[in-house]
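Asker: Contents of coords16.cif (mmCIF, C-alpha atoms) are below:
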data_work
loop_
_atom_site.label_atom_id
_atom_site.label_comp_id
_atom_site.auth_asym_id
_atom_site.auth_seq_id
_atom_site.Cartn_x
_atom_site.Cartn_y
_atom_site.Cartn_z
CA MET A 1 67.10 -4.25 -127.82
CA LYS A 2 64.87 -7.27 -127.85
CA ARG A 3 66.95 -8.81 -125.04
CA LEU A 4 66.52 -5.62 -122.97
CA VAL A 5 62.76 -5.78 -123.33
CA ILE A 6 62.74 -9.40 -122.16
CA VAL A 7 64.85 -8.52 -119.08
CA VAL A 8 62.53 -5.65 -118.14
CA ALA A 9 59.47 -7.91 -118.52
CA VAL A 10 61.05 -10.54 -116.26
CA LEU A 11 61.85 -7.94 -113.61
CA ILE A 12 58.28 -6.61 -113.73
CA LEU A 13 56.81 -10.10 -113.31
CA ALA A 14 59.22 -10.86 -110.49
CA GLY A 15 58.33 -7.60 -108.69
CA GLY A 16 54.60 -8.19 -109.10
CA GLY A 17 54.90 -11.73 -107.80
CA GLY A 18 56.88 -10.57 -104.79
CA PHE A 19 54.37 -7.86 -104.02
CA TYR A 20 51.50 -10.40 -104.30
CA TRP A 21 53.31 -12.82 -101.94
CA TRP A 22 54.00 -10.06 -99.41
CA ASN A 23 50.43 -8.76 -99.54
CA SER A 24 49.01 -12.29 -99.15
CA SER A 25 51.23 -13.03 -96.18
CA GLN A 26 50.18 -9.78 -94.51
CA SER A 27 46.50 -10.57 -95.15
CA LYS A 28 46.87 -14.01 -93.56
CA ALA A 29 48.87 -12.71 -90.65
CA ALA A 30 46.38 -9.97 -89.80
CA PRO A 31 43.58 -12.29 -88.60
CA ALA A 32 46.10 -14.37 -86.66
CA ALA A 33 47.28 -11.26 -84.87
CA ALA A 34 43.73 -9.97 -84.45
CA GLN A 35 42.55 -13.07 -82.63
CA THR A 36 45.25 -12.84 -79.95
CA THR A 37 43.51 -10.25 -77.74
CA THR A 38 44.32 -10.43 -74.03
CA ALA A 39 42.89 -9.06 -70.82
CA PRO A 40 44.10 -9.13 -67.21
CA VAL A 41 42.28 -10.95 -64.42
CA GLN A 42 40.98 -8.06 -62.31
CA ARG A 43 39.32 -7.70 -58.96
CA GLY A 44 36.35 -5.39 -58.64
CA ARG A 45 32.57 -5.10 -58.64
CA ILE A 46 30.35 -7.26 -60.84
CA GLU A 47 26.58 -6.98 -61.11
CA LEU A 48 23.89 -9.01 -62.80
CA LEU A 49 21.12 -6.62 -63.82
CA VAL A 50 17.60 -7.32 -65.02
CA SER A 51 16.53 -4.37 -67.15
CA THR A 52 12.90 -3.53 -67.83
CA ASN A 53 10.44 -0.64 -68.00
CA GLY A 54 7.50 0.13 -65.76
CA ARG A 55 5.30 2.87 -64.39
CA VAL A 56 5.07 4.77 -61.14
CA VAL A 57 2.02 4.03 -58.97
CA SER A 58 0.81 5.33 -55.63
CA ASN A 59 0.37 3.33 -52.46
CA LEU A 60 -3.43 3.54 -52.74
CA ASP A 61 -5.92 5.13 -55.14
CA VAL A 62 -9.47 5.68 -53.88
CA ASP A 63 -12.26 6.63 -56.28
CA ILE A 64 -14.63 8.93 -54.41
CA LYS A 65 -18.37 8.51 -55.10
CA CYS A 66 -21.49 9.75 -53.35
CA LYS A 67 -24.26 7.52 -51.96
CA ALA A 68 -26.84 10.22 -52.75
CA SER A 69 -27.86 11.84 -56.03
CA GLY A 70 -28.20 15.55 -56.67
CA THR A 71 -26.52 18.82 -57.60
CA ILE A 72 -23.09 19.72 -56.23
CA ILE A 73 -23.11 22.98 -54.26
CA LYS A 74 -19.72 22.67 -52.52
CA LEU A 75 -16.43 21.37 -53.93
CA PRO A 76 -13.68 22.89 -51.76
CA PHE A 77 -10.66 21.01 -53.17
CA ASP A 78 -9.02 21.20 -56.57
CA LEU A 79 -6.63 18.98 -58.49
CA SER A 80 -3.28 18.40 -56.69
CA ASP A 81 -4.64 19.68 -53.37
CA THR A 82 -3.64 17.80 -50.22
CA VAL A 83 -6.52 16.64 -48.01
CA LYS A 84 -6.71 15.16 -44.55
CA GLU A 85 -8.94 12.32 -43.42
CA LYS A 86 -12.53 13.47 -42.65
CA ASP A 87 -12.13 16.73 -44.61
CA LEU A 88 -15.30 17.72 -46.52
CA LEU A 89 -14.75 16.83 -50.18
CA MET A 90 -18.20 17.60 -51.60
CA GLU A 91 -21.74 18.57 -50.61
CA LEU A 92 -25.01 18.21 -52.56
CA ASP A 93 -28.07 20.45 -52.52
CA PRO A 94 -30.06 19.23 -49.44
CA VAL A 95 -33.57 20.30 -50.59
CA ASP A 96 -34.70 16.94 -51.98
CA GLU A 97 -33.32 14.92 -49.10
CA ASN A 98 -34.84 17.30 -46.54
CA ASN A 99 -38.25 16.81 -48.17
CA ASN A 100 -37.76 13.05 -48.18
CA LYS A 101 -36.96 13.14 -44.49
CA LYS A 102 -40.05 15.24 -43.70
CA ARG A 103 -42.26 12.81 -45.63
CA ALA A 104 -40.74 9.93 -43.71
CA GLU A 105 -41.43 11.74 -40.43
CA VAL A 106 -45.09 12.32 -41.42
CA ASN A 107 -45.52 8.68 -42.43
CA LEU A 108 -44.05 7.53 -39.13
CA ALA A 109 -46.35 9.81 -37.13
CA SER A 110 -49.36 8.52 -39.06
CA SER A 111 -48.44 4.89 -38.56
CA LYS A 112 -47.88 5.49 -34.84
CA ALA A 113 -51.37 7.01 -34.59
CA ARG A 114 -52.86 3.97 -36.32
CA GLN A 115 -50.88 1.78 -33.97
CA VAL A 116 -52.37 3.54 -30.95
CA GLN A 117 -55.84 3.30 -32.47
CA ALA A 118 -55.48 -0.41 -33.15
CA LYS A 119 -54.25 -1.08 -29.62
CA THR A 120 -57.10 0.99 -28.15
CA ASN A 121 -59.69 -0.87 -30.23
CA LEU A 122 -58.24 -4.15 -29.05
CA GLN A 123 -58.35 -3.08 -25.40
CA VAL A 124 -61.95 -1.84 -25.72
CA ALA A 125 -63.00 -5.04 -27.48
CA GLU A 126 -61.31 -7.18 -24.83
CA SER A 127 -62.93 -5.18 -22.01
CA THR A 128 -66.37 -5.25 -23.66
CA LEU A 129 -66.14 -8.95 -24.30
CA ALA A 130 -65.14 -9.63 -20.72
CA THR A 131 -68.11 -7.57 -19.46
CA ASP A 132 -70.53 -9.20 -21.86
CA LEU A 133 -69.29 -12.64 -20.87
CA ALA A 134 -69.78 -11.85 -17.20
CA LYS A 135 -73.28 -10.52 -17.86
CA ALA A 136 -74.17 -13.48 -20.04
CA GLN A 137 -72.95 -15.87 -17.36
CA VAL A 138 -75.04 -14.08 -14.69
CA ASN A 139 -78.07 -14.02 -16.96
CA LEU A 140 -77.67 -17.71 -17.66
CA GLU A 141 -77.46 -18.50 -13.98
CA ALA A 142 -80.49 -16.31 -13.26
CA ALA A 143 -82.42 -17.92 -16.10
CA LYS A 144 -81.58 -21.36 -14.82
CA THR A 145 -82.75 -20.40 -11.30
CA LYS A 146 -85.92 -18.89 -12.66
CA ALA A 147 -86.51 -21.94 -14.84
CA ASN A 148 -86.04 -24.28 -11.90
CA ASP A 149 -88.46 -22.17 -9.83
CA GLY A 150 -90.98 -22.08 -12.67
CA ARG A 151 -90.88 -25.82 -13.13
CA ALA A 152 -91.40 -26.34 -9.40
CA LYS A 153 -94.37 -23.99 -9.37
CA ALA A 154 -95.85 -25.63 -12.43
CA GLN A 155 -95.53 -29.02 -10.78
CA ARG A 156 -97.28 -27.78 -7.62
CA MET A 157 -99.99 -26.13 -9.64
CA THR A 158 -100.55 -29.43 -11.47
CA GLN A 159 -100.91 -31.19 -8.13
CA LEU A 160 -103.31 -28.54 -6.86
CA LEU A 161 -105.32 -28.81 -10.08
CA GLU A 162 -105.65 -32.53 -9.54
CA LYS A 163 -107.09 -31.79 -6.10
CA LYS A 164 -109.32 -29.17 -7.70
CA LEU A 165 -107.86 -26.52 -5.47
CA ILE A 166 -107.09 -24.18 -8.37
CA SER A 167 -108.68 -23.44 -11.64
CA PRO A 168 -107.31 -24.76 -14.95
CA GLU A 169 -106.43 -21.19 -15.96
CA ASP A 170 -104.09 -20.82 -13.00
CA ASN A 171 -102.42 -24.10 -13.91
CA GLU A 172 -101.98 -23.04 -17.50
CA THR A 173 -100.47 -19.75 -16.35
CA ALA A 174 -97.94 -21.63 -14.20
CA GLN A 175 -97.08 -24.01 -17.03
CA THR A 176 -96.60 -21.11 -19.41
CA ALA A 177 -94.32 -19.31 -16.96
CA ALA A 178 -92.23 -22.48 -16.55
CA ALA A 179 -91.91 -22.88 -20.32
CA GLN A 180 -90.90 -19.23 -20.67
CA ALA A 181 -88.25 -19.69 -17.99
CA ASP A 182 -86.82 -22.69 -19.86
CA SER A 183 -86.79 -20.60 -23.04
CA ASP A 184 -84.90 -17.84 -21.23
CA VAL A 185 -82.25 -20.38 -20.20
CA LYS A 186 -81.74 -21.41 -23.79
CA THR A 187 -81.58 -17.79 -24.87
CA ALA A 188 -78.90 -17.08 -22.21
CA GLN A 189 -76.95 -20.13 -23.35
CA VAL A 190 -77.09 -18.98 -26.97
CA ARG A 191 -75.89 -15.53 -25.91
CA LEU A 192 -72.97 -17.08 -24.04
CA GLN A 193 -72.07 -19.13 -27.12
CA GLU A 194 -72.23 -16.00 -29.25
CA LEU A 195 -69.76 -14.30 -26.95
CA ASP A 196 -67.42 -17.28 -27.19
CA THR A 197 -67.55 -16.87 -30.96
CA ALA A 198 -66.81 -13.14 -30.52
CA LYS A 199 -63.43 -14.11 -29.07
CA ASP A 200 -62.35 -14.91 -32.65
CA SER A 201 -62.96 -11.31 -33.68
CA LEU A 202 -60.46 -10.26 -31.03
CA GLU A 203 -57.78 -12.19 -32.93
CA LEU A 204 -58.46 -10.01 -35.97
CA LYS A 205 -57.98 -6.91 -33.84
CA ARG A 206 -54.71 -8.35 -32.52
CA GLN A 207 -53.62 -8.81 -36.14
CA ASP A 208 -54.51 -5.17 -36.76
CA VAL A 209 -52.21 -4.24 -33.88
CA ALA A 210 -49.44 -6.45 -35.29
CA LEU A 211 -49.82 -4.80 -38.71
CA ALA A 212 -49.73 -1.37 -37.10
CA ASP A 213 -46.57 -2.33 -35.18
CA ALA A 214 -44.95 -3.55 -38.40
CA GLN A 215 -45.86 -0.35 -40.20
CA VAL A 216 -44.34 1.71 -37.39
CA THR A 217 -41.14 -0.34 -37.63
CA SER A 218 -41.03 0.08 -41.41
CA ASP A 219 -41.63 3.82 -41.24
CA THR A 220 -39.00 4.12 -38.50
CA LEU A 221 -36.49 2.45 -40.79
CA ASN A 222 -37.57 4.66 -43.69
CA LEU A 223 -36.99 7.72 -41.53
CA ALA A 224 -33.56 6.41 -40.53
CA ASP A 225 -32.76 5.83 -44.22
CA ALA A 226 -33.93 9.33 -45.11
CA ASP A 227 -31.84 10.77 -42.30
CA GLN A 228 -28.81 8.81 -43.51
CA ARG A 229 -29.35 9.96 -47.10
CA LEU A 230 -29.45 13.51 -45.81
CA LYS A 231 -26.09 12.90 -44.16
CA ASP A 232 -24.81 11.21 -47.34
CA ILE A 233 -25.06 14.43 -49.33
CA LYS A 234 -21.76 15.32 -47.65
CA VAL A 235 -18.72 13.27 -48.63
CA ALA A 236 -15.71 13.22 -46.28
CA ALA A 237 -12.19 12.09 -47.15
CA PRO A 238 -11.63 8.45 -46.13
CA ILE A 239 -7.82 8.85 -46.09
CA ASP A 240 -5.05 11.42 -46.10
CA GLY A 241 -4.05 11.97 -49.69
CA VAL A 242 -3.72 14.12 -52.77
CA VAL A 243 -6.43 14.85 -55.33
CA THR A 244 -4.99 13.18 -58.44
CA ALA A 245 -8.17 13.30 -60.55
CA LEU A 246 -11.19 15.63 -60.47
CA ASN A 247 -14.11 14.68 -62.70
CA VAL A 248 -16.85 17.17 -61.65
CA GLN A 249 -17.35 20.81 -60.77
CA SER A 250 -19.87 22.85 -58.78
CA GLY A 251 -23.32 22.60 -60.36
CA THR A 252 -22.75 19.11 -61.78
CA ILE A 253 -25.65 16.70 -61.26
CA ILE A 254 -24.27 13.36 -60.10
CA ALA A 255 -25.80 9.89 -59.82
CA SER A 256 -25.76 7.80 -56.67
CA GLY A 257 -23.00 5.23 -56.42
CA VAL A 258 -25.35 2.89 -54.54
CA SER A 259 -28.68 2.94 -56.38
CA ASN A 260 -27.37 3.59 -59.90
CA VAL A 261 -26.91 0.52 -62.10
CA GLY A 262 -23.80 1.97 -63.75
CA GLY A 263 -22.03 2.48 -60.45
CA GLY A 264 -22.69 6.19 -60.11
CA THR A 265 -20.52 9.23 -60.79
CA THR A 266 -16.85 9.22 -59.78
CA ILE A 267 -16.26 12.61 -58.21
CA MET A 268 -12.51 12.48 -57.75
CA THR A 269 -9.59 10.18 -57.01
CA LEU A 270 -7.55 10.44 -53.82
CA SER A 271 -4.06 8.95 -53.88
CA ASP A 272 -1.92 8.02 -50.91
CA LEU A 273 1.58 9.18 -51.86
CA THR A 274 3.24 8.36 -48.55
CA HIS A 275 4.61 5.26 -50.27
CA ILE A 276 5.57 5.30 -53.96
CA PHE A 277 5.91 2.14 -56.02
CA VAL A 278 7.02 1.14 -59.49
CA VAL A 279 5.23 -1.69 -61.26
CA ALA A 280 7.14 -3.45 -64.05
CA SER A 281 6.66 -6.44 -66.33
CA VAL A 282 9.62 -8.83 -66.30
CA ASP A 283 10.07 -11.38 -69.08
CA GLU A 284 9.77 -15.02 -68.10
CA ILE A 285 13.41 -15.55 -69.13
CA ASP A 286 14.57 -13.16 -66.39
CA ILE A 287 11.93 -13.67 -63.69
CA GLY A 288 13.90 -16.51 -62.09
CA LYS A 289 16.67 -14.03 -61.28
CA VAL A 290 14.36 -11.66 -59.43
CA LYS A 291 13.84 -12.18 -55.68
CA LEU A 292 12.06 -10.33 -52.91
CA ASP A 293 14.06 -7.56 -51.17
CA GLN A 294 16.43 -7.12 -54.12
CA PHE A 295 17.30 -3.51 -54.86
CA ALA A 296 16.83 -1.69 -58.14
CA ARG A 297 18.17 1.45 -59.76
CA ILE A 298 15.38 3.50 -61.29
CA ASP A 299 15.29 6.66 -63.37
CA VAL A 300 12.54 8.57 -65.14
CA ASP A 301 12.63 10.81 -68.20
CA ALA A 302 11.28 13.79 -66.23
CA PHE A 303 14.38 14.02 -64.02
CA LYS A 304 17.52 13.47 -66.06
CA GLY A 305 20.50 12.48 -63.94
CA GLU A 306 18.31 11.74 -60.90
CA GLN A 307 18.41 8.15 -59.71
CA PHE A 308 15.90 6.48 -57.41
CA ARG A 309 16.46 3.42 -55.26
CA GLY A 310 13.79 0.73 -55.23
CA LYS A 311 13.22 -2.52 -53.36
CA VAL A 312 11.31 -5.53 -54.70
CA THR A 313 8.22 -6.06 -52.53
CA ARG A 314 6.03 -8.33 -54.66
CA ILE A 315 6.43 -10.82 -57.51
CA ALA A 316 3.28 -12.00 -59.27
CA PRO A 317 2.77 -15.76 -58.91
CA LYS A 318 1.06 -15.93 -62.31
CA GLY A 319 2.27 -14.56 -65.62
CA VAL A 320 0.38 -12.65 -68.29
CA ASN A 321 0.44 -13.96 -71.86
CA ALA A 322 0.25 -11.23 -74.49
CA SER A 323 0.94 -12.22 -78.11
CA ASN A 324 2.71 -15.38 -76.88
CA VAL A 325 5.05 -13.29 -74.70
CA VAL A 326 4.77 -14.18 -71.01
CA THR A 327 5.66 -11.54 -68.44
CA PHE A 328 5.35 -11.34 -64.66
CA GLU A 329 4.43 -8.22 -62.71
CA VAL A 330 7.07 -7.08 -60.23
CA LYS A 331 6.32 -4.33 -57.71
CA MET A 332 9.10 -2.23 -56.16
CA GLU A 333 8.83 0.40 -53.43
CA ILE A 334 10.90 3.57 -53.81
CA VAL A 335 12.98 3.85 -50.64
CA SER A 336 15.25 6.78 -51.50
CA GLU A 337 14.55 10.20 -50.01
CA ASN A 338 13.96 11.79 -53.42
CA LYS A 339 10.80 9.68 -53.93
CA THR A 340 8.64 12.81 -53.53
CA LEU A 341 9.73 13.86 -57.03
CA LEU A 342 7.88 10.96 -58.62
CA ARG A 343 4.28 11.18 -59.79
CA PRO A 344 1.88 8.30 -60.57
CA GLU A 345 1.91 7.05 -64.18
CA MET A 346 5.44 8.29 -64.92
CA THR A 347 7.40 5.89 -67.12
CA ALA A 348 10.35 4.35 -65.29
CA ASN A 349 13.53 2.69 -66.53
CA ILE A 350 14.49 -0.07 -64.12
CA LYS A 351 17.59 -2.12 -63.48
CA ILE A 352 17.03 -4.77 -60.81
CA VAL A 353 20.27 -5.86 -59.16
CA ALA A 354 19.77 -9.63 -59.29
CA ALA A 355 23.31 -10.36 -58.06
CA ARG A 356 26.30 -8.31 -56.99
CA LYS A 357 29.80 -8.73 -55.58
CA ASP A 358 32.09 -5.82 -54.77
CA ASP A 359 35.38 -7.78 -54.54
CA ALA A 360 35.25 -10.43 -57.24
CA LEU A 361 37.82 -11.80 -59.68
CA THR A 362 36.50 -11.07 -63.15
CA VAL A 363 37.42 -11.73 -66.75
CA PRO A 364 35.68 -10.69 -69.98
CA SER A 365 32.88 -13.05 -70.92
CA ASP A 366 34.59 -13.70 -74.29
CA ALA A 367 37.53 -15.19 -72.41
CA VAL A 368 35.40 -18.09 -71.12
CA SER A 369 34.62 -21.11 -73.29
CA HIS A 370 33.62 -24.76 -73.06
CA LYS A 371 35.97 -27.58 -73.89
CA ASP A 372 35.63 -31.25 -73.09
CA LYS A 373 32.57 -30.53 -70.94
CA GLN A 374 34.57 -28.11 -68.83
CA THR A 375 34.48 -24.35 -68.44
CA VAL A 376 37.98 -23.14 -69.36
CA VAL A 377 39.96 -19.94 -69.70
CA THR A 378 43.07 -19.65 -71.87
CA VAL A 379 45.90 -18.23 -69.75
CA LEU A 380 48.82 -16.54 -71.50
CA ASN A 381 52.24 -17.62 -70.16
CA GLY A 382 54.86 -15.71 -72.11
CA GLU A 383 54.70 -17.03 -75.64
CA SER A 384 52.63 -20.10 -74.72
CA GLN A 385 48.92 -20.52 -73.95
CA GLU A 386 47.33 -22.87 -71.45
CA ASP A 387 43.65 -23.86 -71.17
CA ARG A 388 42.80 -23.82 -67.48
CA PRO A 389 39.51 -25.16 -65.98
CA VAL A 390 37.71 -22.59 -63.84
CA GLU A 391 34.62 -22.33 -61.68
CA VAL A 392 32.49 -19.32 -62.58
CA GLY A 393 29.81 -17.38 -60.72
CA ILE A 394 27.98 -14.25 -61.81
CA ASN A 395 27.79 -13.73 -65.57
CA ASN A 396 26.35 -10.51 -66.94
CA SER A 397 27.30 -11.24 -70.60
CA GLN A 398 30.17 -8.73 -70.42
CA GLN A 399 32.06 -9.96 -67.39
CA VAL A 400 32.21 -13.31 -65.65
CA GLU A 401 33.07 -13.89 -62.01
CA VAL A 402 35.80 -16.51 -61.51
CA LEU A 403 35.40 -18.40 -58.24
CA SER A 404 38.47 -20.62 -58.61
CA GLY A 405 41.21 -21.49 -61.10
CA LEU A 406 42.70 -18.02 -61.64
CA GLU A 407 44.57 -15.37 -59.68
CA GLU A 408 44.51 -11.61 -59.90
CA GLY A 409 47.00 -10.21 -62.37
CA GLN A 410 47.11 -13.20 -64.70
CA VAL A 411 46.52 -12.54 -68.39
CA VAL A 412 43.84 -14.40 -70.32
CA VAL A 413 43.11 -14.65 -74.03
CA VAL A 414 39.90 -12.99 -75.16
CA HIS A 415 38.24 -14.94 -77.98
CA LYS A 416 36.42 -13.08 -80.71
CA ASP A 417 35.23 -16.18 -82.52
CA ALA A 418 32.70 -18.94 -82.03
CA ASP A 419 34.88 -20.58 -79.34
CA SER A 420 33.46 -18.13 -76.82
CA LYS A 421 30.81 -19.77 -74.71
CA TRP A 422 28.88 -16.54 -74.27
CA ARG A 423 29.00 -15.30 -77.89
CA GLY A 424 29.40 -18.45 -79.98
CA GLY A 425 27.14 -20.49 -77.74
CA GLN A 426 28.39 -23.87 -79.12
CA GLN A 427 31.20 -26.07 -77.81
CA GLN A 428 33.94 -26.79 -80.37
CA GLN A 429 34.19 -30.53 -80.89
CA PRO A 430 37.59 -32.28 -81.12
CA GLY A 431 38.80 -32.59 -84.70
CA GLY A 432 36.81 -29.56 -85.79
CA PRO A 433 37.87 -26.97 -88.30
CA PRO A 434 41.16 -25.13 -87.86
CA PRO A 435 41.27 -21.73 -86.11
CA ALA A 436 41.39 -19.79 -89.39
CA MET A 437 38.08 -21.33 -90.44
CA ARG A 438 36.50 -20.78 -87.01
CA MET A 439 37.09 -17.05 -87.39
CA MET A 440 34.73 -16.83 -90.38
CA PRO A 441 31.53 -14.87 -89.66
CA ARG A 442 28.59 -17.08 -88.78
CA GLY A 443 26.50 -17.82 -91.83
CA GLY A 444 29.32 -16.90 -94.24
CA GLY A 445 30.76 -19.31 -96.79
CA ARG A 446 27.75 -21.63 -96.74
#
Mind converting the file's structure to structure tokens?

Answerer:
Amino acid sequence: MKRLVIVVAVLILAGGGGFYWWNSSQSKAAPAAAQTTTAPVQRGRIELLVSTNGRVVSNLDVDIKCKASGTIIKLPFDLSDTVKEKDLLMELDPVDENNNKKRAEVNLASSKARQVQAKTNLQVAESTLATDLAKAQVNLEAAKTKANDGRAKAQRMTQLLEKKLISPEDNETAQTAAAQADSDVKTAQVRLQELDTAKDSLELKRQDVALADAQVTSDTLNLADADQRLKDIKVAAPIDGVVTALNVQSGTIIASGVSNVGGGTTIMTLSDLTHIFVVASVDEIDIGKVKLDQFARIDVDAFKGEQFRGKVTRIAPKGVNASNVVTFEVKMEIVSENKTLLRPEMTANIKIVAARKDDALTVPSDAVSHKDKQTVVTVLNGESQEDRPVEVGINNSQQVEVLSGLEEGQVVVVHKDADSKWRGGQQQQPGGPPPAMRMMPRGGGR
């Protein structure tokens, strides 16, 4: 009985050891089998996409303001209405501006009257001065003649007195007349000098005319400004567009966009929707892949299943740094016929086609690795494997274009470990750890 127990125990230990050996061998074989994943070299389309988000914008947004201030009495268009260029968008109450224009007209008429008065006064003063000068000149000449005659008579009377042919009284009378004539000459000369001085007063009257002319010019401009302000109470559409924002209603008192320090009241926004764009921010890592005229596939949440076609029209030359993340603005025009579905400020999901080939040899990206400073692919030949150098093109992290080194239909080994250039990222150095160790998850076993 004791011997039977020993035999049973030995059989149990032998069975357990066999099961342990079999289970261990299966566990070791499983990873070896798992790592031998293959894929065929195929020919087809490969694309390199730059994915980002953005927003829909119009071709042009114009904020409409009014040059005048006042109360709105007409507002014929509502939100989403389509307007044509020169359509009346808004009109203010004209009472105040009409009064301002009338005051400007009165001021201009008054200044013109003063202008006429100043010119008339100048003409009268010039004419009077000319007449007075002529009279003074004649009087001076007459006084000089009379003085000469008086002196001659006085001289003769003196001679006659010496001969006792006249009385002393007659001589004195002649001398007095001669002296009076000389005095009249001096008086005429003084009068002529006074008139010369009066010429200076004419200059003051000319200045009065100049001031009157300036006032007329100023009031004319004021009237023109008042007339323009009266016209400015009506606002016409500067472009064809759609009313995308309406900030006022009839009866609202608005401030002038010209004279107001704050920029005035924005009445509405007109948007030109003849061209629709999408503006996106592309990370600096991807911006080098984006070029002008590249196409993009765009969709928005509002239209599920609808796809829009865009074309890159502008790439910002300068990036924007936000929280140490640098992005560049990329603008794309929607060129597909369904662009009319889009509305400004919609959120867009964008895939820019940075590169594309429709007939390319491709392999999975995990099939490509680096060895000995070469890009290689492991080709499966029956039971054997061969590392073959290849030249690669487009790589979208899932597929890699093979330019040379492989043919369609060949079978390549797909690596699921750190040997993959695209997933592992590091080249395996000669003499490194064996394959079983390379299959350990990164960061494990440390």

Asker: Evaluate the PyMOL selection byres ((chain A and resi 55-66) around 6) and record the selected residues as a ChimeraX atom specification, following the chain and residue labels used in the document.

Answerer: /A:54,67-68,256-257,266-273,275-279,344-348

Asker: Save out the residues we just selected, C-alpha atoms, as a tab-separated table (two decimals), in the coordinates of the input.

Answerer:
chain	number	residue	atom	x	y	z
A	54	GLY	CA	7.50	0.13	-65.76
A	67	LYS	CA	-24.26	7.52	-51.96
A	68	ALA	CA	-26.84	10.22	-52.75
A	256	SER	CA	-25.76	7.80	-56.67
A	257	GLY	CA	-23.00	5.23	-56.42
A	266	THR	CA	-16.85	9.22	-59.78
A	267	ILE	CA	-16.26	12.61	-58.21
A	268	MET	CA	-12.51	12.48	-57.75
A	269	THR	CA	-9.59	10.18	-57.01
A	270	LEU	CA	-7.55	10.44	-53.82
A	271	SER	CA	-4.06	8.95	-53.88
A	272	ASP	CA	-1.92	8.02	-50.91
A	273	LEU	CA	1.58	9.18	-51.86
A	275	HIS	CA	4.61	5.26	-50.27
A	276	ILE	CA	5.57	5.30	-53.96
A	277	PHE	CA	5.91	2.14	-56.02
A	278	VAL	CA	7.02	1.14	-59.49
A	279	VAL	CA	5.23	-1.69	-61.26
A	344	PRO	CA	1.88	8.30	-60.57
A	345	GLU	CA	1.91	7.05	-64.18
A	346	MET	CA	5.44	8.29	-64.92
A	347	THR	CA	7.40	5.89	-67.12
A	348	ALA	CA	10.35	4.35	-65.29

Asker: Which is closer to Pro76 in chain A than all the others in A:Leu129, A:Ala39, A:Ala237, A:Leu160, using only C-alpha atoms?

Answerer: A:Ala237

Asker: Rounded to one decimal place, report the CA of Val83 in chain A-CA of Thr340 in chain A distance in Å.

Answerer: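 Here the two named atoms are 16.6 Å from each other.
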
Asker: Find the residues with any atom within 12 Å of (13.7, 3.0, -65.8); use only C-alpha atoms and the coordinates as given in the file, and write the answer as a PDB file with C-alpha atoms, keeping the file's coordinate frame.

Answerer:
ATOM      1  CA  VAL A  50      17.600  -7.320 -65.020  1.00  0.00           C
ATOM      2  CA  SER A  51      16.530  -4.370 -67.150  1.00  0.00           C
ATOM      3  CA  THR A  52      12.900  -3.530 -67.830  1.00  0.00           C
ATOM      4  CA  ASN A  53      10.440  -0.640 -68.000  1.00  0.00           C
ATOM      5  CA  GLY A  54       7.500   0.130 -65.760  1.00  0.00           C
ATOM      6  CA  ARG A  55       5.300   2.870 -64.390  1.00  0.00           C
ATOM      7  CA  VAL A  56       5.070   4.770 -61.140  1.00  0.00           C
ATOM      8  CA  VAL A 278       7.020   1.140 -59.490  1.00  0.00           C
ATOM      9  CA  VAL A 279       5.230  -1.690 -61.260  1.00  0.00           C
ATOM     10  CA  ALA A 280       7.140  -3.450 -64.050  1.00  0.00           C
ATOM     11  CA  SER A 281       6.660  -6.440 -66.330  1.00  0.00           C
ATOM     12  CA  ALA A 296      16.830  -1.690 -58.140  1.00  0.00           C
ATOM     13  CA  ARG A 297      18.170   1.450 -59.760  1.00  0.00           C
ATOM     14  CA  ILE A 298      15.380   3.500 -61.290  1.00  0.00           C
ATOM     15  CA  ASP A 299      15.290   6.660 -63.370  1.00  0.00           C
ATOM     16  CA  VAL A 300      12.540   8.570 -65.140  1.00  0.00           C
ATOM     17  CA  ASP A 301      12.630  10.810 -68.200  1.00  0.00           C
ATOM     18  CA  ALA A 302      11.280  13.790 -66.230  1.00  0.00           C
ATOM     19  CA  PHE A 303      14.380  14.020 -64.020  1.00  0.00           C
ATOM     20  CA  LYS A 304      17.520  13.470 -66.060  1.00  0.00           C
ATOM     21  CA  GLY A 305      20.500  12.480 -63.940  1.00  0.00           C
ATOM     22  CA  GLU A 306      18.310  11.740 -60.900  1.00  0.00           C
ATOM     23  CA  GLN A 307      18.410   8.150 -59.710  1.00  0.00           C
ATOM     24  CA  PHE A 308      15.900   6.480 -57.410  1.00  0.00           C
ATOM     25  CA  ARG A 309      16.460   3.420 -55.260  1.00  0.00           C
ATOM     26  CA  GLY A 310      13.790   0.730 -55.230  1.00  0.00           C
ATOM     27  CA  MET A 332       9.100  -2.230 -56.160  1.00  0.00           C
ATOM     28  CA  MET A 346       5.440   8.290 -64.920  1.00  0.00           C
ATOM     29  CA  THR A 347       7.400   5.890 -67.120  1.00  0.00           C
ATOM     30  CA  ALA A 348      10.350   4.350 -65.290  1.00  0.00           C
ATOM     31  CA  ASN A 349      13.530   2.690 -66.530  1.00  0.00           C
ATOM     32  CA  ILE A 350      14.490  -0.070 -64.120  1.00  0.00           C
ATOM     33  CA  LYS A 351      17.590  -2.120 -63.480  1.00  0.00           C
ATOM     34  CA  ILE A 352      17.030  -4.770 -60.810  1.00  0.00           C
TER      35      ILE A 352
END

Asker: Using all atoms listed in the file, find the one residue out of A:Ala367, A:Val377, A:Leu89, A:Val312 that sits nearest to Ser404 in chain A.

Answerer: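 Selected residue with least distance to Ser404 in chain A: A:Val377.
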
Asker: Skip range 393-396 of chain A itself and residues of its chain fewer than 2 positions away, then list as a VMD selection string all residues within 9 Å of it, counting only C-alpha atoms.

Answerer: chain A and resid 46 to 49 355 to 357 365 391 398 to 403
